[in-house]
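A.B. asks: Quick one: structure below, then a few questions.
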Amino acid sequence: LEHEMSTCTSSPEFVTSGGNRYILTYSPHFGSLVPRVDALADCAGDYAHSETEDVRGTFALIRSAQHHGVTLEAKFFVKNGCSGSFVQWGDTERKAFPNVSYDERASCCIMGPDLEAEGSQGVFGLSFEELLQSAWVQDVAITVKVL
């Protein structure tokens, strides 16, 4: 990330059966979760909006800017590299995002286990350096599942 001058990295965009488009973002040092515009090719503008600009956290699920509302429920799980089991990180989140008039700018939806957290920041409250030495990292990789 340092050589890219970015605070986060993101997954490729994926689309659900309902046509909603999402990305997952990760910021190892609890930084901004908005990916660089050039990192997302053609869809970057769909994720870089005012409601995501200042959001800080370690990991987030972001729905692209759309006018139709949605109710999302998300659970974030991290794989223990030693046991292979997934452990829930944070509480189950359920949020309703309202419709936005077509006269207004479409809005993004963002959810994550430690967004803007006071106190417990990072995967299970671990700093990036502590995370690298933990059982959550296996062969320099961390596996996160979102349901």
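Letters A, B, ... mark the chains of the structure tokens in the order given; residue numbers begin at 1 per chain; ligand numbers begin at 1, in order shown.
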List the spatial neighbours of stretch 22-26 of chain A as a tab-separated table (two decimals) with N, CA and C atoms, in the first residue's frame - criterion: any atom at most 10 Å away, only C-alpha atoms, same-chain residues fewer than 4 positions off excluded.

C.D. replies:
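The new file part_2.tsv reads:
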chain	number	residue	atom	x	y	z
A	7	THR	N	-4.23	4.04	1.53
A	7	THR	CA	-4.45	3.55	2.89
A	7	THR	C	-5.19	2.22	2.91
A	8	CYS	N	-5.71	1.81	1.75
A	8	CYS	CA	-6.47	0.55	1.73
A	8	CYS	C	-6.33	-0.16	0.40
A	9	THR	N	-6.78	-1.39	0.41
A	9	THR	CA	-6.85	-2.18	-0.80
A	9	THR	C	-8.27	-2.70	-0.92
A	10	SER	N	-8.67	-3.12	-2.10
A	10	SER	CA	-10.04	-3.58	-2.28
A	10	SER	C	-10.11	-4.81	-3.17
A	11	SER	N	-11.22	-5.51	-3.02
A	11	SER	CA	-11.49	-6.67	-3.85
A	11	SER	C	-11.96	-6.20	-5.22
A	12	PRO	N	-11.97	-7.11	-6.17
A	12	PRO	CA	-12.66	-6.77	-7.43
A	12	PRO	C	-14.15	-6.58	-7.12
A	13	GLU	N	-14.82	-5.83	-7.94
A	13	GLU	CA	-16.25	-5.63	-7.76
A	13	GLU	C	-16.98	-6.96	-8.00
A	14	PHE	N	-18.02	-7.21	-7.20
A	14	PHE	CA	-18.85	-8.39	-7.43
A	14	PHE	C	-20.31	-7.99	-7.40
A	15	VAL	N	-21.16	-8.78	-8.06
A	15	VAL	CA	-22.56	-8.46	-8.21
A	15	VAL	C	-23.39	-9.59	-7.63
A	16	THR	N	-24.40	-9.20	-6.82
A	16	THR	CA	-25.30	-10.20	-6.24
A	16	THR	C	-26.41	-10.53	-7.22
A	30	PHE	N	-6.23	1.01	10.18
A	30	PHE	CA	-7.44	1.73	10.55
A	30	PHE	C	-7.50	3.08	9.85
A	31	GLY	N	-7.30	3.06	8.54
A	31	GLY	CA	-7.33	4.30	7.76
A	31	GLY	C	-8.60	4.43	6.96
A	32	SER	N	-8.58	5.31	5.98
A	32	SER	CA	-9.72	5.50	5.10
A	32	SER	C	-9.98	4.21	4.33
A	33	LEU	N	-11.25	3.88	4.17
A	33	LEU	CA	-11.63	2.66	3.46
A	33	LEU	C	-12.06	2.92	2.02
A	34	VAL	N	-11.81	4.13	1.54
A	34	VAL	CA	-12.17	4.45	0.16
A	34	VAL	C	-10.97	4.14	-0.73
A	35	PRO	N	-11.14	3.23	-1.68
A	35	PRO	CA	-10.02	2.89	-2.56
A	35	PRO	C	-9.68	4.04	-3.50
A	40	LEU	N	-9.83	1.03	-9.05
A	40	LEU	CA	-11.09	0.36	-9.37
A	40	LEU	C	-11.49	0.48	-10.83
A	46	ASP	N	-18.32	5.03	-8.47
A	46	ASP	CA	-19.50	4.47	-7.80
A	46	ASP	C	-19.26	4.21	-6.32
A	47	TYR	N	-18.03	4.26	-5.87
A	47	TYR	CA	-17.70	3.97	-4.46
A	47	TYR	C	-17.11	5.17	-3.73
A	57	GLY	N	-11.75	2.52	9.29
A	57	GLY	CA	-11.95	1.20	9.86
A	57	GLY	C	-10.88	0.26	9.32
A	58	THR	N	-11.06	-1.01	9.59
A	58	THR	CA	-10.12	-2.01	9.11
A	58	THR	C	-10.67	-2.75	7.90
A	59	PHE	N	-11.97	-3.03	7.93
A	59	PHE	CA	-12.56	-3.85	6.88
A	59	PHE	C	-13.98	-3.38	6.64
A	60	ALA	N	-14.41	-3.32	5.38
A	60	ALA	CA	-15.77	-2.87	5.10
A	60	ALA	C	-16.32	-3.52	3.84
A	61	LEU	N	-17.64	-3.64	3.84
A	61	LEU	CA	-18.41	-4.03	2.68
A	61	LEU	C	-19.08	-2.74	2.20
A	62	ILE	N	-18.88	-2.39	0.92
A	62	ILE	CA	-19.44	-1.16	0.38
A	62	ILE	C	-20.29	-1.49	-0.83
A	63	ARG	N	-21.56	-1.06	-0.78
A	63	ARG	CA	-22.44	-1.20	-1.94
A	63	ARG	C	-22.25	0.04	-2.80
A	64	SER	N	-22.19	-0.14	-4.10
A	64	SER	CA	-22.00	1.00	-5.00
A	64	SER	C	-23.14	2.00	-4.86
A	65	ALA	N	-22.87	3.21	-5.28
A	65	ALA	CA	-23.88	4.27	-5.20
A	65	ALA	C	-25.06	3.91	-6.08
A	108	CYS	N	-23.95	5.54	-1.41
A	108	CYS	CA	-23.31	4.25	-1.11
A	108	CYS	C	-23.83	3.74	0.23
A	109	CYS	N	-23.67	2.46	0.46
A	109	CYS	CA	-23.96	1.85	1.75
A	109	CYS	C	-22.65	1.21	2.22
A	110	ILE	N	-22.29	1.46	3.46
A	110	ILE	CA	-21.04	0.91	3.97
A	110	ILE	C	-21.26	0.29	5.34
A	111	MET	N	-20.71	-0.91	5.52
A	111	MET	CA	-20.83	-1.63	6.79
A	111	MET	C	-19.50	-2.29	7.10
A	112	GLY	N	-19.18	-2.40	8.38
A	112	GLY	CA	-17.96	-3.07	8.78
A	112	GLY	C	-17.91	-3.27	10.28
A	144	VAL	N	-11.19	-13.56	5.22
A	144	VAL	CA	-12.38	-12.97	5.82
A	144	VAL	C	-13.58	-13.39	4.97
A	146	VAL	N	-17.80	-12.78	4.54
A	146	VAL	CA	-18.91	-11.92	4.89
A	146	VAL	C	-20.20	-12.62	4.46

A.B. asks: Determine, counting only C-alpha atoms, which protein, DNA and RNA residues have an atom within 8 Å of an atom of A:Thr92; residues of the same chain fewer than 4 positions away are not included. Present the result as a list of chain:residue names.

C.D. replies: A:Glu73, A:Ala74, A:Lys75, A:Phe76

A.B. asks: Within 10 Å of A:Ala135, counting only C-alpha atoms, which residues qualify if same-chain residues fewer than 2 places away don't, as a list in words?

C.D. replies: Lys79, Asn80, Gly81, Cys82, Ser83, Gly84, Leu131, Leu132, Gln133, Val137, Gln138 and Ile142 of chain A

A.B. asks: Please write the residues from the selection above to a file, keeping C-alpha atoms, as a short mmCIF file (atom, residue, chain, number, x, y, z; two decimals), in the first residue's frame.

C.D. replies:
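Output file part02.cif is given in full below:
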data_model
loop_
_atom_site.label_atom_id
_atom_site.label_comp_id
_atom_site.auth_asym_id
_atom_site.auth_seq_id
_atom_site.Cartn_x
_atom_site.Cartn_y
_atom_site.Cartn_z
CA LYS A 79 -10.49 -17.72 9.59
CA ASN A 80 -8.21 -19.05 12.31
CA GLY A 81 -5.16 -20.23 10.36
CA CYS A 82 -4.38 -22.98 12.90
CA SER A 83 -7.80 -24.57 13.37
CA GLY A 84 -9.37 -23.61 10.04
CA LEU A 131 -2.15 -9.42 13.56
CA LEU A 132 0.83 -10.52 11.46
CA GLN A 133 2.08 -12.64 14.38
CA VAL A 137 -2.67 -14.90 9.47
CA GLN A 138 -1.57 -18.01 7.59
CA ILE A 142 -5.90 -13.44 6.19
#

A.B. asks: How would you write, as a list in words, the set of residues in stretch 49-96 of chain A that DSSP gives as strand (DSSP E or B)?

C.D. replies: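 For stretch 49-96 of chain A, the strand (DSSP E or B) set is Arg56, Phe59, Ala60, Leu61, Ile62, Arg63, Ser64, Ala65, Gln66, Val70, Thr71, Leu72, Glu73, Ala74, Phe76, Phe77, Val78, Lys79, Phe86, Val87, Gln88, Glu93, Arg94, Lys95 and Ala96 of chain A.
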
A.B. asks: What's around A:Gly69 at 9 Å? Count only C-alpha atoms, leave out sequence neighbours fewer than 2 positions away in its own chain, and write the answer as an mmCIF file with N, CA, C and O atoms, in the first residue's frame.

C.D. replies:
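The resulting out-v3.cif:
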data_model
loop_
_atom_site.group_PDB
_atom_site.id
_atom_site.type_symbol
_atom_site.label_atom_id
_atom_site.label_comp_id
_atom_site.auth_asym_id
_atom_site.auth_seq_id
_atom_site.Cartn_x
_atom_site.Cartn_y
_atom_site.Cartn_z
ATOM 1 N N GLN A 66 -26.228 3.844 -5.454
ATOM 2 C CA GLN A 66 -27.456 3.504 -6.173
ATOM 3 C C GLN A 66 -28.598 4.316 -5.594
ATOM 4 O O GLN A 66 -28.536 4.781 -4.464
ATOM 5 N N HIS A 67 -29.645 4.475 -6.360
ATOM 6 C CA HIS A 67 -30.798 5.250 -5.917
ATOM 7 C C HIS A 67 -31.802 4.414 -5.128
ATOM 8 O O HIS A 67 -32.532 4.944 -4.311
ATOM 9 N N THR A 71 -32.075 -3.069 2.539
ATOM 10 C CA THR A 71 -31.828 -3.458 3.926
ATOM 11 C C THR A 71 -30.761 -4.532 3.880
ATOM 12 O O THR A 71 -30.920 -5.533 3.181
ATOM 13 N N ALA A 96 -30.865 -0.347 7.394
ATOM 14 C CA ALA A 96 -31.750 0.004 6.281
ATOM 15 C C ALA A 96 -31.243 1.303 5.663
ATOM 16 O O ALA A 96 -30.976 2.276 6.367
ATOM 17 N N PHE A 97 -31.094 1.282 4.355
ATOM 18 C CA PHE A 97 -30.650 2.452 3.619
ATOM 19 C C PHE A 97 -31.808 2.880 2.718
ATOM 20 O O PHE A 97 -32.280 2.084 1.900
ATOM 21 N N PRO A 98 -32.316 4.113 2.866
ATOM 22 C CA PRO A 98 -33.513 4.537 2.141
ATOM 23 C C PRO A 98 -33.262 4.805 0.655
ATOM 24 O O PRO A 98 -32.123 4.987 0.223
ATOM 25 N N ASN A 99 -34.373 4.836 -0.092
ATOM 26 C CA ASN A 99 -34.310 5.270 -1.487
ATOM 27 C C ASN A 99 -33.813 6.701 -1.534
ATOM 28 O O ASN A 99 -34.022 7.472 -0.601
ATOM 29 N N VAL A 100 -33.174 7.045 -2.630
ATOM 30 C CA VAL A 100 -32.720 8.413 -2.860
ATOM 31 C C VAL A 100 -33.366 8.879 -4.158
ATOM 32 O O VAL A 100 -33.328 8.165 -5.168
#

A.B. asks: How many Å separate atom CA of A:Thr143 from atom CA of A:Asp114?

C.D. replies: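 Separating atom CA of A:Thr143 from atom CA of A:Asp114 is a distance of 16.7 Å.
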
A.B. asks: Of the candidates A:Gly19, A:Ser85, A:Arg105, A:Gly90, which shows the shortest atom-to-atom distance to A:Val70, using only C-alpha atoms?

C.D. replies: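 Ranked by minimum distance to A:Val70, first place goes to A:Gly19.
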
A.B. asks: Could you check how far atom CA of A:Val123 sits from atom CA of A:Val78, in Å to one decimal?

C.D. replies: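 Rounded to one decimal, the two atoms are 8.3 Å apart.
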
A.B. asks: Taking only C-alpha atoms into account, name the residue in A:Ser127, A:Leu147, A:Glu93, A:Gln88 that is nearest to A:Leu115.

C.D. replies: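 Using only C-alpha atoms, the shortest distance to A:Leu115 belongs to A:Glu93.
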
A.B. asks: Between atom CA of A:Ala106 and atom CA of A:Gly18, what is the spacing in Å?

C.D. replies: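 So the answer is 17.5 Å.
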
A.B. asks: Of the residues A:Phe77, A:Ser134, A:Glu129, A:Val87, which is the one nearest to A:Pro113, using only C-alpha atoms?

C.D. replies: A:Phe77
